[in-house]
Amino acid sequence: MKKPKPDFFAILKVLEAHKVDYIVVGGISAVLQGAPIATFDLDVVHSREPQNIERLMKALRELAAYYRGQGTRKIEPSPSHLASPGHQLLLTTHGPLDLLGTIGKGRGYESLLGAAEEIAVGPVRVRILGLPALIESKEEAGREKDRAVLSILRRTLEERQKK
């Protein structure tokens with residue numbers, strides 16, 4: 001059976017409905033800022049404050065989220081997982097969702113807020129990581145897949161600065 005096409009907007013709507021504090025990073029952030037790249041999951045850095053984790057857990061239950069790569073087992077995230085600085089690679093009813101406690105050199109939600117901007121995605125207000133900080137985080141990560149998009153992100157930033 002063919003998997004349905006991911007609907008990242010639907011995930012964002014659920015996060016917003018539950019008033020989850022998060023910043024969209026990675027490929028979706030880049031695409032929302034005009035970068036011509038492909039991405040296969042929604043990456044967000046979430047606030048690890050206890051009240052936010054409670055709201056996030058409710059959203060994840062609504063999304064029927066569980067860890068990817070566990071075979072036939074459907075292991076659901078717990079509050080202790082979400083409170084960690086690590087990465088939670090989940091699958092939801094609307095596609096892959098990566099919850100990141102930190103990115104780059106250990107920067108979490110609070111330290112990224114100053115580099116984030118709020119935009120409208122349809123009727124939903126979404127915080128996205130600005131291109132300069134996104135580029136910096138990709139440089140810090142240094143993974144091959146991150147290095148592969150750096151020139152595109154830099155060029156997109158140059159084009160946006162011209163406008």
# chains A, B, ... in the order shown; residues from 1 in each chain; ligands from 1
$ residues_around --residues "Pro132 of chain A" --least-positions-apart "4" --cutoff "12 Å" --atoms "only C-alpha atoms" --output "ChimeraX atom specification"
/A:25,29-30,33,112,114-117,128,136-139,150,153-158,160-161
$ write_last_selection --atoms "C-alpha atoms" --output "PDB file, in the first residue's frame"
ATOM      1  CA  VAL A  25      14.016  24.778  11.180  1.00  0.00           C
ATOM      2  CA  SER A  29      12.030  26.766   7.031  1.00  0.00           C
ATOM      3  CA  ALA A  30      14.232  27.182   3.961  1.00  0.00           C
ATOM      4  CA  GLN A  33      11.838  31.576   2.766  1.00  0.00           C
ATOM      5  CA  LEU A 112      17.003  30.588  18.773  1.00  0.00           C
ATOM      6  CA  GLY A 114      16.010  36.030  18.561  1.00  0.00           C
ATOM      7  CA  ALA A 115      16.908  34.580  15.146  1.00  0.00           C
ATOM      8  CA  ALA A 116      13.350  33.472  14.369  1.00  0.00           C
ATOM      9  CA  GLU A 117      10.693  35.335  12.449  1.00  0.00           C
ATOM     10  CA  ILE A 128      10.665  29.930  11.370  1.00  0.00           C
ATOM     11  CA  GLU A 136      24.920  28.867  10.624  1.00  0.00           C
ATOM     12  CA  SER A 137      23.240  25.777  12.086  1.00  0.00           C
ATOM     13  CA  LYS A 138      23.889  23.804   8.874  1.00  0.00           C
ATOM     14  CA  GLU A 139      27.558  24.869   8.963  1.00  0.00           C
ATOM     15  CA  LEU A 150      24.499  25.505   1.930  1.00  0.00           C
ATOM     16  CA  LEU A 153      20.657  28.738   1.160  1.00  0.00           C
ATOM     17  CA  ARG A 154      23.382  31.360   0.780  1.00  0.00           C
ATOM     18  CA  ARG A 155      22.151  32.273  -2.703  1.00  0.00           C
ATOM     19  CA  THR A 156      18.558  32.505  -1.442  1.00  0.00           C
ATOM     20  CA  LEU A 157      19.703  34.828   1.349  1.00  0.00           C
ATOM     21  CA  GLU A 158      21.558  37.022  -1.181  1.00  0.00           C
ATOM     22  CA  ARG A 160      16.230  38.128  -0.358  1.00  0.00           C
ATOM     23  CA  GLN A 161      18.657  40.841   0.732  1.00  0.00           C
TER      24      GLN A 161
END
$ residues_around --residues "Gly27 of chain A" --least-positions-apart "5" --cutoff "8 Å" --atoms "only C-alpha atoms" --output "MDAnalysis selection string"
chainID A and resid 37:39 41:43
$ residues_around --residues "Leu12 of chain A" --least-positions-apart "3" --cutoff "8 Å" --atoms "only C-alpha atoms" --output "list of chain:residue names"
A:Phe8, A:Phe9, A:Leu15, A:Glu16, A:Val124, A:Val126
$ write_last_selection --atoms "C-alpha atoms" --output "PDB file, in the first residue's frame"
ATOM      1  CA  PHE A   8       3.245  19.392   6.886  1.00  0.00           C
ATOM      2  CA  PHE A   9       0.639  22.152   7.020  1.00  0.00           C
ATOM      3  CA  LEU A  15       0.775  22.217  16.889  1.00  0.00           C
ATOM      4  CA  GLU A  16      -0.834  25.653  16.673  1.00  0.00           C
ATOM      5  CA  VAL A 124      -1.575  29.730  10.851  1.00  0.00           C
ATOM      6  CA  VAL A 126       4.457  30.010  12.350  1.00  0.00           C
TER       7      VAL A 126
END
$ closest_residue --among "A:Leu113, A:Arg107, A:Arg48, A:Phe40" --to "Ile28 of chain A" --atoms "only C-alpha atoms"
A:Phe40
$ closest_residue --among "A:Leu89, A:Ile23, A:Ala17, A:Leu32" --to "Arg55 of chain A" --atoms "only C-alpha atoms"
A:Ala17
$ atom_distance --atom1 "atom CA of Arg143 of chain A" --atom2 "atom CA of Thr72 of chain A"
29.0 Å
$ select_by_dssp --residues "segment 7-86 of chain A" --states "alpha helix (DSSP H)" --output "PyMOL selection string"
chain A and resi 8-17+26-32+50-62+79-82
$ residues_around --residues "Pro50 of chain A" --least-positions-apart "2" --cutoff "12 Å" --atoms "only C-alpha atoms" --output "list in words"
Val20, Asp21, His46, Ser47, Arg48, Asn52, Ile53, Glu54, Arg55, Leu56, Met57, Pro79, Ser80, His81, Leu82, Ala83 and Ser84 of chain A
$ write_last_selection --atoms "C-alpha atoms" --output "tab-separated table (two decimals), in the first residue's frame"
chain	number	residue	atom	x	y	z
A	20	VAL	CA	2.90	24.51	21.27
A	21	ASP	CA	5.96	26.78	21.36
A	46	HIS	CA	10.47	22.95	20.62
A	47	SER	CA	10.50	24.65	23.98
A	48	ARG	CA	11.43	22.11	26.63
A	52	ASN	CA	5.00	23.27	26.65
A	53	ILE	CA	5.90	19.59	26.80
A	54	GLU	CA	2.39	18.91	28.18
A	55	ARG	CA	0.85	20.77	25.23
A	56	LEU	CA	3.21	19.03	22.82
A	57	MET	CA	2.27	15.60	24.20
A	79	PRO	CA	7.66	13.69	28.30
A	80	SER	CA	11.18	12.69	29.39
A	81	HIS	CA	12.16	12.13	25.73
A	82	LEU	CA	10.81	15.56	24.79
A	83	ALA	CA	12.62	17.26	27.69
A	84	SER	CA	15.99	16.04	26.41
$ closest_residue --among "A:Lys163, A:Thr93, A:Gly142, A:Val31" --to "Leu129 of chain A" --atoms "only C-alpha atoms"
A:Val31
$ residues_around --residues "Gly69 of chain A" --least-positions-apart "6" --cutoff "12 Å" --atoms "only C-alpha atoms" --output "list in words"
Ile75, Gln88, Leu89, Leu90, Leu91 and Pro96 of chain A
$ write_last_selection --atoms "all heavy atoms" --output "mmCIF file, in the first residue's frame"
data_model
loop_
_atom_site.group_PDB
_atom_site.id
_atom_site.type_symbol
_atom_site.label_atom_id
_atom_site.label_comp_id
_atom_site.auth_asym_id
_atom_site.auth_seq_id
_atom_site.Cartn_x
_atom_site.Cartn_y
_atom_site.Cartn_z
ATOM 1 N N ILE A 75 6.357 2.804 19.116
ATOM 2 C CA ILE A 75 6.776 3.369 20.397
ATOM 3 C C ILE A 75 6.484 4.864 20.393
ATOM 4 O O ILE A 75 6.966 5.601 19.532
ATOM 5 C CB ILE A 75 8.273 3.105 20.647
ATOM 6 C CG1 ILE A 75 8.531 1.601 20.648
ATOM 7 C CG2 ILE A 75 8.722 3.755 21.953
ATOM 8 C CD1 ILE A 75 9.988 1.226 20.681
ATOM 9 N N GLN A 88 14.045 13.579 18.320
ATOM 10 C CA GLN A 88 12.989 12.581 18.334
ATOM 11 C C GLN A 88 12.444 12.485 16.907
ATOM 12 O O GLN A 88 11.784 13.414 16.434
ATOM 13 C CB GLN A 88 11.871 12.986 19.300
ATOM 14 C CG GLN A 88 12.339 13.473 20.666
ATOM 15 C CD GLN A 88 13.236 12.519 21.396
ATOM 16 O OE1 GLN A 88 12.954 11.321 21.449
ATOM 17 N NE2 GLN A 88 14.316 13.018 21.965
ATOM 18 N N LEU A 89 12.749 11.397 16.227
ATOM 19 C CA LEU A 89 12.363 11.224 14.821
ATOM 20 C C LEU A 89 11.064 10.433 14.764
ATOM 21 O O LEU A 89 11.057 9.216 14.972
ATOM 22 C CB LEU A 89 13.480 10.516 14.057
ATOM 23 C CG LEU A 89 14.881 11.125 14.221
ATOM 24 C CD1 LEU A 89 15.905 10.345 13.417
ATOM 25 C CD2 LEU A 89 14.887 12.595 13.878
ATOM 26 N N LEU A 90 9.973 11.143 14.496
ATOM 27 C CA LEU A 90 8.641 10.571 14.612
ATOM 28 C C LEU A 90 7.940 10.460 13.270
ATOM 29 O O LEU A 90 8.279 11.161 12.316
ATOM 30 C CB LEU A 90 7.793 11.448 15.543
ATOM 31 C CG LEU A 90 8.380 11.736 16.919
ATOM 32 C CD1 LEU A 90 7.517 12.752 17.667
ATOM 33 C CD2 LEU A 90 8.547 10.464 17.725
ATOM 34 N N LEU A 91 6.950 9.599 13.239
ATOM 35 C CA LEU A 91 6.032 9.504 12.117
ATOM 36 C C LEU A 91 4.654 9.823 12.668
ATOM 37 O O LEU A 91 4.283 9.350 13.746
ATOM 38 C CB LEU A 91 6.058 8.103 11.498
ATOM 39 C CG LEU A 91 5.308 7.957 10.182
ATOM 40 C CD1 LEU A 91 5.872 8.896 9.124
ATOM 41 C CD2 LEU A 91 5.374 6.528 9.692
ATOM 42 N N PRO A 96 6.310 12.612 8.422
ATOM 43 C CA PRO A 96 7.428 12.642 9.363
ATOM 44 C C PRO A 96 7.562 13.987 10.082
ATOM 45 O O PRO A 96 7.437 15.044 9.467
ATOM 46 C CB PRO A 96 8.657 12.393 8.489
ATOM 47 C CG PRO A 96 8.151 11.937 7.174
ATOM 48 C CD PRO A 96 6.763 12.445 7.046
#
$ closest_residue --among "A:Ile152, A:Leu100, A:Ala64, A:Val24" --to "Gly130 of chain A" --atoms "only C-alpha atoms"
A:Val24
$ closest_residue --among "A:Pro6, A:Ile103, A:Ala141, A:Lys13" --to "Gly122 of chain A" --atoms "only C-alpha atoms"
A:Lys13
$ closest_residue --among "A:Gly26, A:Ala10, A:Tyr67, A:Val45" --to "Leu99 of chain A" --atoms "only C-alpha atoms"
A:Val45
